[in-house]
>>> print(open('model19.txt').read())   # compact mmCIF, C-alpha atoms (C1' of nucleotides)
# COMPACT_ATOMS: atom_id res chain seq x y z
CA MET F 19 83.96 138.74 65.34
CA VAL F 20 80.67 136.94 64.89
CA ARG F 21 78.37 139.07 62.82
CA LYS F 22 75.17 137.10 62.87
CA GLU F 23 73.21 140.21 63.76
CA GLN F 24 74.25 142.14 60.68
CA LEU F 25 74.22 139.17 58.34
CA ARG F 26 72.02 139.40 55.35
CA PRO F 27 69.48 136.71 56.01
CA GLY F 28 68.91 135.33 52.52
CA GLY F 29 70.49 134.68 49.21
CA ARG F 30 74.18 134.14 48.75
CA SER F 31 75.14 134.67 52.37
CA ALA F 32 72.79 131.96 53.49
CA ARG F 33 74.02 129.60 50.80
CA VAL F 34 77.63 130.20 51.77
CA GLN F 35 76.88 129.63 55.44
CA ALA F 36 75.03 126.40 54.73
CA SER F 37 77.77 125.17 52.46
CA VAL F 38 80.47 126.01 55.01
CA HIS F 39 78.63 124.36 57.88
CA GLN F 40 78.12 121.23 55.85
CA ALA F 41 81.78 121.25 54.87
CA VAL F 42 82.78 121.44 58.54
CA ARG F 43 80.53 118.53 59.43
CA ALA F 44 81.93 116.50 56.57
CA LEU F 45 85.52 117.24 57.54
CA LEU F 46 84.91 116.50 61.22
CA ALA F 47 83.71 113.08 60.17
CA ARG F 48 86.97 112.12 58.51
CA HIS F 49 89.69 114.21 60.16
CA ASP F 50 90.97 115.00 63.61
CA ARG F 51 89.81 118.45 64.55
CA ALA F 52 93.42 119.50 65.12
CA GLU F 53 94.12 119.00 61.42
CA ILE F 54 91.21 121.08 60.20
CA THR F 55 92.07 124.52 58.81
CA PHE F 56 90.21 127.34 57.13
CA PRO F 57 91.77 126.63 53.72
CA MET F 58 90.66 123.01 54.04
CA ILE F 59 87.10 124.01 54.85
CA ALA F 60 87.11 126.59 52.06
CA THR F 61 88.09 123.99 49.48
CA GLU F 62 85.45 121.58 50.71
CA ALA F 63 82.78 124.28 50.71
CA GLY F 64 83.77 125.83 47.38
CA VAL F 65 84.56 129.28 48.71
CA THR F 66 87.77 131.21 49.22
CA PRO F 67 89.55 131.15 52.57
CA SER F 68 89.32 134.89 52.96
CA THR F 69 85.56 134.60 53.17
CA LEU F 70 85.94 132.38 56.22
CA TYR F 71 88.52 134.63 57.84
CA ARG F 72 86.33 137.68 57.38
CA ARG F 73 83.12 136.10 58.50
CA TRP F 74 84.27 133.97 61.42
CA GLY F 75 87.64 135.41 62.30
CA GLU F 76 88.88 132.33 64.09
CA LEU F 77 88.47 128.64 63.51
CA SER F 78 87.11 128.14 67.00
CA GLU F 79 84.25 130.52 66.23
CA LEU F 80 83.17 128.53 63.23
CA LEU F 81 83.54 125.20 65.00
CA ALA F 82 81.52 126.58 67.89
CA ASP F 83 78.79 127.76 65.52
CA VAL F 84 78.51 124.30 64.06
CA ALA F 85 78.66 122.68 67.48
CA VAL F 86 75.86 124.81 68.88
CA GLU F 87 73.71 123.87 65.93
CA ARG F 88 74.38 120.20 66.59
CA LEU F 89 73.72 120.52 70.30
CA ARG F 90 70.33 122.10 69.74
CA PRO F 91 67.76 119.51 70.79
CA ASP F 92 65.54 118.38 67.94
CA THR F 93 62.79 116.89 70.04
CA PRO F 94 61.28 117.92 73.39
CA PRO F 95 62.18 115.74 76.37
CA THR F 96 60.15 112.55 76.59
CA ASP F 97 57.16 112.48 78.94
CA THR F 98 57.38 109.57 81.35
CA GLY F 99 54.48 110.59 83.54
CA THR F 100 56.46 111.87 86.54
CA LEU F 101 58.98 114.64 87.05
CA ARG F 102 61.45 112.15 88.46
CA GLY F 103 61.15 109.93 85.46
CA ASP F 104 61.38 112.85 83.05
CA LEU F 105 64.48 114.16 84.77
CA GLU F 106 66.20 110.80 84.88
CA ALA F 107 65.51 110.08 81.23
CA TRP F 108 66.50 113.52 80.09
CA ALA F 109 69.66 113.68 82.20
CA GLU F 110 70.76 110.31 80.90
CA GLN F 111 70.22 111.46 77.34
CA ILE F 112 72.15 114.67 77.85
CA ALA F 113 74.95 112.82 79.63
CA ASP F 114 75.26 110.36 76.76
CA GLU F 115 75.22 113.07 74.14
CA TYR F 116 77.70 115.38 75.83
CA ALA F 117 80.05 112.66 77.04
CA SER F 118 80.49 111.12 73.60
CA THR F 119 83.71 111.94 71.81
CA PRO F 120 82.07 114.37 69.39
CA GLY F 121 79.97 115.75 72.23
CA GLN F 122 83.01 116.52 74.32
CA ALA F 123 84.71 118.11 71.35
CA MET F 124 81.65 120.27 70.75
CA LEU F 125 81.58 121.36 74.37
CA ARG F 126 85.21 122.38 74.18
CA ASP F 127 84.68 124.22 70.92
CA VAL F 128 81.80 126.14 72.41
CA LEU F 129 83.75 127.09 75.53
CA ALA F 130 86.93 127.93 73.67
CA ALA F 131 85.10 130.39 71.44
CA ASN F 132 83.41 132.06 74.37
CA ALA F 133 86.04 134.75 74.69
CA SER F 134 84.41 136.76 71.95
CA GLY F 135 81.21 134.81 71.38
CA GLU F 136 77.98 133.84 73.01
CA GLN F 137 77.83 130.22 72.03
CA ALA F 138 78.26 128.89 75.54
CA PHE F 139 75.38 130.98 76.71
CA GLN F 140 73.22 129.72 73.86
CA CYS F 141 74.17 126.16 74.63
CA CYS F 142 73.13 126.75 78.20
CA VAL F 143 69.82 128.20 77.03
CA TYR F 144 68.92 124.89 75.42
CA LEU F 145 69.34 123.07 78.72
CA ARG F 146 67.39 125.73 80.55
CA GLU F 147 64.53 125.51 78.08
CA ALA F 148 64.30 121.77 78.48
CA LEU F 149 64.24 122.09 82.26
CA ASP F 150 61.58 124.79 81.96
CA THR F 151 59.52 122.37 79.93
CA LEU F 152 59.87 119.66 82.55
CA THR F 153 59.03 122.08 85.35
CA LEU F 154 55.95 123.36 83.55
CA ARG F 155 54.87 119.80 82.80
CA ALA F 156 55.23 118.90 86.47
CA GLN F 157 53.15 121.86 87.53
CA LEU F 158 50.40 120.87 85.13
CA ARG F 159 50.39 117.45 86.75
CA GLY F 160 50.17 119.02 90.18
CA GLU F 161 53.68 117.90 91.09
CA PHE F 162 56.07 120.24 92.78
CA SER F 163 59.30 121.09 91.01
CA PRO F 164 62.35 122.60 92.66
CA GLY F 165 62.62 124.91 89.67
CA THR F 166 64.98 125.31 86.77
CA GLU F 167 67.81 126.98 88.69
CA SER F 168 67.93 124.27 91.32
CA LEU F 169 67.83 121.57 88.69
CA ILE F 170 70.71 123.18 86.83
CA ASP F 171 72.76 123.32 90.02
CA GLY F 172 71.77 119.89 91.23
CA VAL F 173 71.66 117.80 88.08
CA MET F 174 73.10 119.49 85.02
CA ALA F 175 76.13 121.18 86.54
CA PRO F 176 77.54 118.01 88.14
CA ILE F 177 77.08 116.03 84.94
CA ILE F 178 78.73 118.64 82.75
CA TYR F 179 81.48 119.24 85.30
CA ARG F 180 82.46 115.60 85.37
CA ILE F 181 82.42 115.33 81.61
CA LEU F 182 84.59 118.41 81.16
CA PHE F 183 87.13 117.86 83.91
CA LEU F 184 87.22 114.11 84.26
CA GLY F 185 86.42 113.18 80.69
CA ALA F 186 83.73 110.73 81.75
CA ARG F 187 80.03 110.97 82.46
CA PRO F 188 78.64 109.91 85.82
CA ASP F 189 77.14 106.43 85.77
CA GLU F 190 73.44 105.77 85.83
CA ALA F 191 73.26 105.31 89.59
CA HIS F 192 75.03 108.60 90.13
CA VAL F 193 72.61 110.43 87.87
CA LYS F 194 69.67 108.92 89.69
CA ALA F 195 71.16 110.00 92.99
CA LEU F 196 71.57 113.54 91.69
CA VAL F 197 67.93 113.63 90.61
CA SER F 198 66.80 112.23 93.95
CA LYS F 199 68.78 114.79 95.86
CA ALA F 200 67.51 117.64 93.70
CA LEU F 201 63.90 116.53 94.19
CA HIS F 202 64.42 115.88 97.87
CA GLY F 203 65.65 119.34 98.77
CA LEU F 204 62.22 120.88 98.49
CA ALA F 205 58.93 119.01 98.57
CA MET Y 19 102.31 116.35 72.64
CA VAL Y 20 103.11 117.10 76.25
CA ARG Y 21 106.28 115.30 77.18
CA LYS Y 22 106.57 116.09 80.84
CA GLU Y 23 107.12 112.46 81.62
CA GLN Y 24 110.16 112.12 79.40
CA LEU Y 25 111.51 115.57 80.13
CA ARG Y 26 114.94 115.78 81.56
CA PRO Y 27 114.29 117.20 84.99
CA GLY Y 28 117.29 119.45 85.45
CA GLY Y 29 119.71 121.70 83.70
CA ARG Y 30 118.94 123.41 80.44
CA SER Y 31 115.50 121.90 79.98
CA ALA Y 32 114.40 123.23 83.32
CA ARG Y 33 115.87 126.65 82.62
CA VAL Y 34 114.13 126.83 79.26
CA GLN Y 35 110.83 125.81 80.79
CA ALA Y 36 111.10 128.38 83.55
CA SER Y 37 112.07 131.08 81.10
CA VAL Y 38 109.21 130.22 78.77
CA HIS Y 39 106.64 130.11 81.55
CA GLN Y 40 107.77 133.47 82.82
CA ALA Y 41 107.64 134.88 79.31
CA VAL Y 42 104.06 133.69 78.95
CA ARG Y 43 103.06 135.29 82.23
CA ALA Y 44 104.72 138.54 81.22
CA LEU Y 45 103.03 138.57 77.83
CA LEU Y 46 99.63 137.73 79.29
CA ALA Y 47 99.97 140.80 81.47
CA ARG Y 48 100.30 143.19 78.56
CA HIS Y 49 98.61 141.54 75.58
CA ASP Y 50 95.32 139.97 74.70
CA ARG Y 51 95.74 136.24 74.62
CA ALA Y 52 94.46 136.15 71.04
CA GLU Y 53 97.54 138.14 69.98
CA ILE Y 54 100.05 135.87 71.66
CA THR Y 55 102.03 133.57 69.38
CA PHE Y 56 104.88 131.14 69.74
CA PRO Y 57 107.39 133.44 67.99
CA MET Y 58 106.40 136.21 70.40
CA ILE Y 59 106.94 134.00 73.43
CA ALA Y 60 110.19 132.72 72.00
CA THR Y 61 111.56 136.24 71.62
CA GLU Y 62 110.51 137.16 75.14
CA ALA Y 63 112.01 133.98 76.57
CA GLY Y 64 115.20 134.11 74.54
CA VAL Y 65 114.73 130.79 72.76
CA THR Y 66 113.89 129.84 69.20
CA PRO Y 67 110.30 129.20 68.16
CA SER Y 68 111.06 125.69 67.06
CA THR Y 69 111.84 124.77 70.63
CA LEU Y 70 108.31 125.73 71.63
CA TYR Y 71 106.73 123.92 68.71
CA ARG Y 72 108.62 120.74 69.49
CA ARG Y 73 108.04 120.79 73.21
CA TRP Y 74 104.44 121.99 73.46
CA GLY Y 75 103.10 121.36 69.98
CA GLU Y 76 100.22 123.81 70.30
CA LEU Y 77 99.88 127.17 71.93
CA SER Y 78 96.91 125.97 73.96
CA GLU Y 79 99.08 123.30 75.57
CA LEU Y 80 101.60 125.83 76.78
CA LEU Y 81 98.94 128.25 77.97
CA ALA Y 82 97.25 125.41 79.81
CA ASP Y 83 100.53 124.43 81.46
CA VAL Y 84 100.99 127.95 82.73
CA ALA Y 85 97.36 128.20 83.79
CA VAL Y 86 97.47 125.00 85.81
CA GLU Y 87 100.52 126.27 87.62
CA ARG Y 88 98.72 129.48 88.46
CA LEU Y 89 95.57 127.70 89.59
CA ARG Y 90 97.48 125.54 92.03
CA PRO Y 91 96.54 126.72 95.50
CA ASP Y 92 99.46 128.14 97.44
CA THR Y 93 97.89 127.93 100.87
CA PRO Y 94 95.56 125.38 102.47
CA PRO Y 95 91.94 126.50 102.94
CA THR Y 96 91.42 128.67 106.01
CA ASP Y 97 90.09 127.05 109.17
CA THR Y 98 87.00 128.84 110.41
CA GLY Y 99 86.08 126.33 113.11
CA THR Y 100 83.15 124.68 111.34
CA LEU Y 101 82.74 122.75 108.12
CA ARG Y 102 80.05 125.14 107.00
CA GLY Y 103 82.28 128.12 107.57
CA ASP Y 104 85.22 126.46 105.89
CA LEU Y 105 83.14 125.55 102.87
CA GLU Y 106 81.61 128.97 102.51
CA ALA Y 107 84.95 130.74 102.78
CA TRP Y 108 86.68 128.37 100.43
CA ALA Y 109 83.88 128.35 97.85
CA GLU Y 110 83.83 132.14 97.84
CA GLN Y 111 87.56 132.24 97.30
CA ILE Y 112 87.45 129.76 94.45
CA ALA Y 113 84.51 131.55 92.87
CA ASP Y 114 86.38 134.86 92.98
CA GLU Y 115 89.54 133.38 91.58
CA TYR Y 116 87.94 131.42 88.77
CA ALA Y 117 85.41 134.07 87.80
CA SER Y 118 87.99 136.81 87.38
CA THR Y 119 88.95 137.64 83.83
CA PRO Y 120 92.32 135.89 84.02
CA GLY Y 121 90.70 133.05 85.93
CA GLN Y 122 88.12 132.48 83.22
CA ALA Y 123 90.82 132.61 80.59
CA MET Y 124 92.85 130.03 82.50
CA LEU Y 125 89.84 127.74 82.81
CA ARG Y 126 89.26 127.94 79.07
CA ASP Y 127 92.92 127.33 78.32
CA VAL Y 128 92.92 124.27 80.51
CA LEU Y 129 89.77 122.85 78.94
CA ALA Y 130 90.80 123.69 75.39
CA ALA Y 131 94.05 121.76 75.78
CA ASN Y 132 92.32 118.76 77.23
CA ALA Y 133 92.06 117.01 73.90
CA SER Y 134 95.57 115.69 74.23
CA GLY Y 135 96.46 116.75 77.76
CA GLU Y 136 95.58 116.10 81.32
CA GLN Y 137 95.52 119.64 82.60
CA ALA Y 138 91.80 119.69 83.30
CA PHE Y 139 92.15 116.58 85.40
CA GLN Y 140 95.01 118.12 87.34
CA CYS Y 141 93.05 121.28 87.90
CA CYS Y 142 90.23 119.15 89.26
CA VAL Y 143 92.65 117.37 91.55
CA TYR Y 144 93.46 120.63 93.31
CA LEU Y 145 89.81 121.18 94.14
CA ARG Y 146 89.43 117.60 95.28
CA GLU Y 147 92.44 117.87 97.57
CA ALA Y 148 91.09 121.00 99.20
CA LEU Y 149 87.74 119.32 99.78
CA ASP Y 150 89.51 116.28 101.18
CA THR Y 151 91.29 118.57 103.61
CA LEU Y 152 88.02 120.15 104.72
CA THR Y 153 86.38 116.76 105.11
CA LEU Y 154 89.27 115.40 107.16
CA ARG Y 155 89.27 118.52 109.30
CA ALA Y 156 85.55 118.11 109.92
CA GLN Y 157 85.98 114.51 110.94
CA LEU Y 158 88.70 115.47 113.42
CA ARG Y 159 86.24 117.93 114.95
CA GLY Y 160 83.59 115.24 115.17
CA GLU Y 161 81.47 116.92 112.49
CA PHE Y 162 79.88 114.90 109.75
CA SER Y 163 80.84 115.70 106.18
CA PRO Y 164 78.87 114.61 103.13
CA GLY Y 165 82.18 113.70 101.53
CA THR Y 166 84.29 115.04 98.72
CA GLU Y 167 82.20 113.67 95.88
CA SER Y 168 78.99 115.17 97.19
CA LEU Y 169 80.68 118.48 97.78
CA ILE Y 170 82.02 118.54 94.25
CA ASP Y 171 78.55 117.85 92.88
CA GLY Y 172 76.76 120.17 95.23
CA VAL Y 173 79.10 123.14 95.54
CA MET Y 174 81.99 123.16 93.07
CA ALA Y 175 80.19 121.97 89.95
CA PRO Y 176 77.43 124.60 90.09
CA ILE Y 177 79.94 127.38 90.68
CA ILE Y 178 82.20 126.32 87.83
CA TYR Y 179 79.27 125.64 85.54
CA ARG Y 180 77.89 129.13 85.97
CA ILE Y 181 81.28 130.72 85.45
CA LEU Y 182 81.94 128.75 82.28
CA PHE Y 183 78.55 128.96 80.61
CA LEU Y 184 77.14 132.19 81.94
CA GLY Y 185 80.37 134.10 82.40
CA ALA Y 186 79.49 135.14 85.93
CA ARG Y 187 79.96 133.62 89.34
CA PRO Y 188 76.97 132.95 91.58
CA ASP Y 189 76.47 135.64 94.21
CA GLU Y 190 77.27 135.15 97.86
CA ALA Y 191 73.74 134.18 98.83
CA HIS Y 192 73.66 131.56 96.12
CA VAL Y 193 76.95 130.06 97.29
CA LYS Y 194 75.69 129.89 100.85
CA ALA Y 195 72.54 128.18 99.65
CA LEU Y 196 74.62 125.62 97.77
CA VAL Y 197 76.65 124.90 100.90
CA SER Y 198 73.53 124.61 103.01
CA LYS Y 199 71.93 122.23 100.60
CA ALA Y 200 75.06 120.10 100.37
CA LEU Y 201 75.32 119.89 104.16
CA HIS Y 202 71.61 119.30 104.58
CA GLY Y 203 71.37 116.31 102.28
CA LEU Y 204 73.02 113.99 104.75
CA ALA Y 205 73.42 114.56 108.46
C1' DA G 26 135.78 110.49 82.01
C1' DG G 27 133.42 108.86 78.02
C1' DA G 28 129.29 107.32 75.52
C1' DT G 29 124.57 108.13 74.32
C1' DA G 30 120.70 110.44 73.14
C1' DA G 31 117.61 114.23 74.42
C1' DA G 32 116.98 119.00 73.76
C1' DC G 33 118.14 122.95 71.46
C1' DG G 34 119.57 126.53 67.65
C1' DC G 35 119.51 127.64 62.96
C1' DA G 36 117.60 128.16 58.48
C1' DA G 37 114.94 126.80 54.50
C1' DA G 38 110.48 125.37 52.81
C1' DT G 39 105.70 125.23 53.38
C1' DC G 40 101.43 126.66 54.84
C1' DC G 41 98.33 129.78 57.08
C1' DT G 42 96.65 134.45 57.68
C1' DT G 43 95.91 139.17 56.54
C1' DT G 44 94.68 142.81 53.50
C1' DG G 45 93.69 145.86 49.46
C1' DC G 46 90.93 146.13 45.44
C1' DG G 47 87.66 144.96 42.03
C1' DT G 48 83.24 142.34 41.31
C1' DT G 49 78.80 140.29 42.45
C1' DA G 50 74.36 140.42 44.19
C1' DG G 51 71.04 141.24 48.28
C1' DG G 52 68.12 144.85 50.11
C1' DC G 53 65.85 149.23 49.64
C1' DC G 54 63.60 153.23 47.74
C1' DG G 55 61.64 156.04 44.28
C1' DC A 17 59.74 147.60 38.10
C1' DG A 18 64.26 149.64 37.67
C1' DG A 19 68.22 151.68 39.67
C1' DC A 20 71.16 152.84 43.78
C1' DC A 21 73.80 151.39 47.74
C1' DT A 22 76.67 148.57 50.12
C1' DA A 23 77.39 143.99 52.33
C1' DA A 24 79.60 139.94 51.01
C1' DC A 25 82.51 137.66 48.08
C1' DG A 26 86.68 136.32 44.92
C1' DC A 27 91.30 137.04 43.81
C1' DA A 28 96.07 137.72 44.59
C1' DA A 29 100.04 139.58 46.87
C1' DA A 30 102.39 140.38 51.21
C1' DG A 31 103.47 139.10 55.77
C1' DG A 32 103.78 135.72 59.56
C1' DA A 33 103.41 131.34 61.56
C1' DT A 34 104.53 126.43 61.43
C1' DT A 35 107.16 122.51 60.07
C1' DT A 36 111.35 120.04 59.34
C1' DG A 37 116.18 118.51 58.40
C1' DC A 38 120.72 118.88 60.23
C1' DG A 39 124.42 120.13 63.14
C1' DT A 40 125.57 121.38 68.01
C1' DT A 41 125.12 121.49 72.92
C1' DT A 42 124.53 119.16 77.20
C1' DA A 43 122.06 116.21 80.66
C1' DT A 44 122.23 111.52 82.13
C1' DC A 45 124.14 106.96 82.72
C1' DT A 46 127.88 103.72 82.99
>>> encode(input="model19.txt", output="structure tokens")
Amino acid sequence: MVRKEQLRPGGRSARVQASVHQAVRALLARHDRAEITFPMIATEAGVTPSTLYRRWGELSELLADVAVERLRPDTPPTDTGTLRGDLEAWAEQIADEYASTPGQAMLRDVLAANASGEQAFQCCVYLREALDTLTLRAQLRGEFSPGTESLIDGVMAPIIYRILFLGARPDEAHVKALVSKALHGLA
Amino acid sequence: MVRKEQLRPGGRSARVQASVHQAVRALLARHDRAEITFPMIATEAGVTPSTLYRRWGELSELLADVAVERLRPDTPPTDTGTLRGDLEAWAEQIADEYASTPGQAMLRDVLAANASGEQAFQCCVYLREALDTLTLRAQLRGEFSPGTESLIDGVMAPIIYRILFLGARPDEAHVKALVSKALHGLA
DNA sequence: AGATAAACGCAAATCCTTTGCGTTAGGCCG
DNA sequence: CGGCCTAACGCAAAGGATTTGCGTTTATCT
């Protein structure tokens, strides 16, 4: 039921969307997500509940929208001088972000809404773009990179898997081992 | 709100639980999961809705309970004679099962309920047990196995990651490559 | 067998969700 | 620039879902 494609880009629609997103962020800060409802968000945002029902359909869709926006990286991955260093630093950062309580909640929101949405895919695109950046950077240095797909399989997937199913991020040594193994496979 | 620990094991409680679980499976077979509600399940199971609300609290908890039961493997992984063969066959089977439409829905149910439950962990335990079996089997043959943790990182996590975030399982060649890489790392 | 409390059924009250209709205000074209 | 078209919204009523108090059933323990 997400209608981003046919949304009018400017004016009132945009204001409503911004107001609603901000309301969600504000409510997430002071309530358990299980308590949050459309009427609550509507009051906070100054709109009527029916607007939310028509535009987002389900609460999980709206929460996923907000989560994807929060998961979008604001800065490119830091440049440490080597692919190994870049990967280690970036993987640690992602692990911290996604394993935090709000991070885990955002991951779940994004996956729960996936039935009818594309948020999970978009979330995955962010990771892929970052890995593309690191790979390109490595190539410019003359280093060899195993490539984005291998890095997703070897580094990202294990980290995300452990966060989702075990509720805890792998420790620093484990992340380094994953990076080593991913870089070791090809060379 | 899951109270399995303090549930009375036998008698009426057990009958209600069985009836409710069966009702959920029946409803999942003929309705979209978005349409399913507690009152609907209650009617199908012959109980009152308040029983469901008190015992499971949220619909996602009940759906996750049913999903975990369905994801529990009924047979041990097939023995092909080599660890590589075992891993390939088992990974293919898991990929098929989890990537199917009901499989994806079950995965999402399990993860969505994780906020207050332990279903995701239990689901992960099944995979770990199967990998333990394969590792033990390999050791009895005199083969070397990289170990359960490495196999989770190298084979299971990438498969599950791609199913969850991309909505599609890796193809057969990709799975074989994952197994090869996992077995190649140590030796 | 009797006591105890968990689990359930029932029903009322509350809240969420859906939906029809009128109004507002972007976007577009003459 | 002015007017048309319709997406998006607000409002309110109707329909379900959820919660909760209370009495009853029944599993468990002594």
>>> closest_residue(input="model19.txt", among="Y:Thr119, Y:Gln40, Y:Ser31, Y:Thr66", to="DA32 (chain G)", atoms="all atoms listed in the file")
Y:Ser31
>>> residues_around(input="model19.txt", residues="Ser37 (chain F)", least_positions_apart="4", cutoff="9 Å", atoms="only C-alpha atoms (C1' of nucleotides)", output="ChimeraX atom specification")
/F:32-33,41-42,62-65
>>> closest_residue(input="model19.txt", among="F:Thr55, F:Gln35, F:Ser78, F:Thr98", to="chain G", atoms="all atoms listed in the file")
F:Thr55
>>> residues_near_point(input="model19.txt", point="(132.8, 106.5, 77.5)", cutoff="12 Å", atoms="only C-alpha atoms (C1' of nucleotides)", output="ChimeraX atom specification")
/G:26-29 /A:45-46
>>> closest_atom_pairs(input="model19.txt", of="chain F", to="chain G", cutoff="9 Å", atoms="only C-alpha atoms (C1' of nucleotides)", output="JSON lines")
{"residue": "F:Arg26", "atom": "CA", "partner": "G:DG51", "partner_atom": "C1'", "distance": 7.4}
{"residue": "F:Gly28", "atom": "CA", "partner": "G:DG51", "partner_atom": "C1'", "distance": 7.6}
{"residue": "F:Gly29", "atom": "CA", "partner": "G:DG51", "partner_atom": "C1'", "distance": 6.6}
{"residue": "F:Arg30", "atom": "CA", "partner": "G:DA50", "partner_atom": "C1'", "distance": 7.8}
{"residue": "F:Ser31", "atom": "CA", "partner": "G:DG51", "partner_atom": "C1'", "distance": 8.8}
{"residue": "F:Thr55", "atom": "CA", "partner": "G:DC41", "partner_atom": "C1'", "distance": 8.4}
{"residue": "F:Phe56", "atom": "CA", "partner": "G:DC41", "partner_atom": "C1'", "distance": 8.5}
{"residue": "F:Pro57", "atom": "CA", "partner": "G:DC41", "partner_atom": "C1'", "distance": 8.0}
{"residue": "F:Ser68", "atom": "CA", "partner": "G:DT43", "partner_atom": "C1'", "distance": 8.6}
{"residue": "F:Tyr71", "atom": "CA", "partner": "G:DT42", "partner_atom": "C1'", "distance": 8.1}
>>> atom_distance(input="model19.txt", atom1="CA of Pro188 (chain F)", atom2="CA of Asn132 (chain F)")
25.4 Å
>>> interface_residues(input="model19.txt", of="chain Y", to="chain F", cutoff="6 Å", atoms="all atoms listed in the file", output="list in words")
Arg126, Ala130, Ala138, Phe139, Asp171, Ala175, Pro176, Tyr179, Phe183 and Leu184 of chain Y
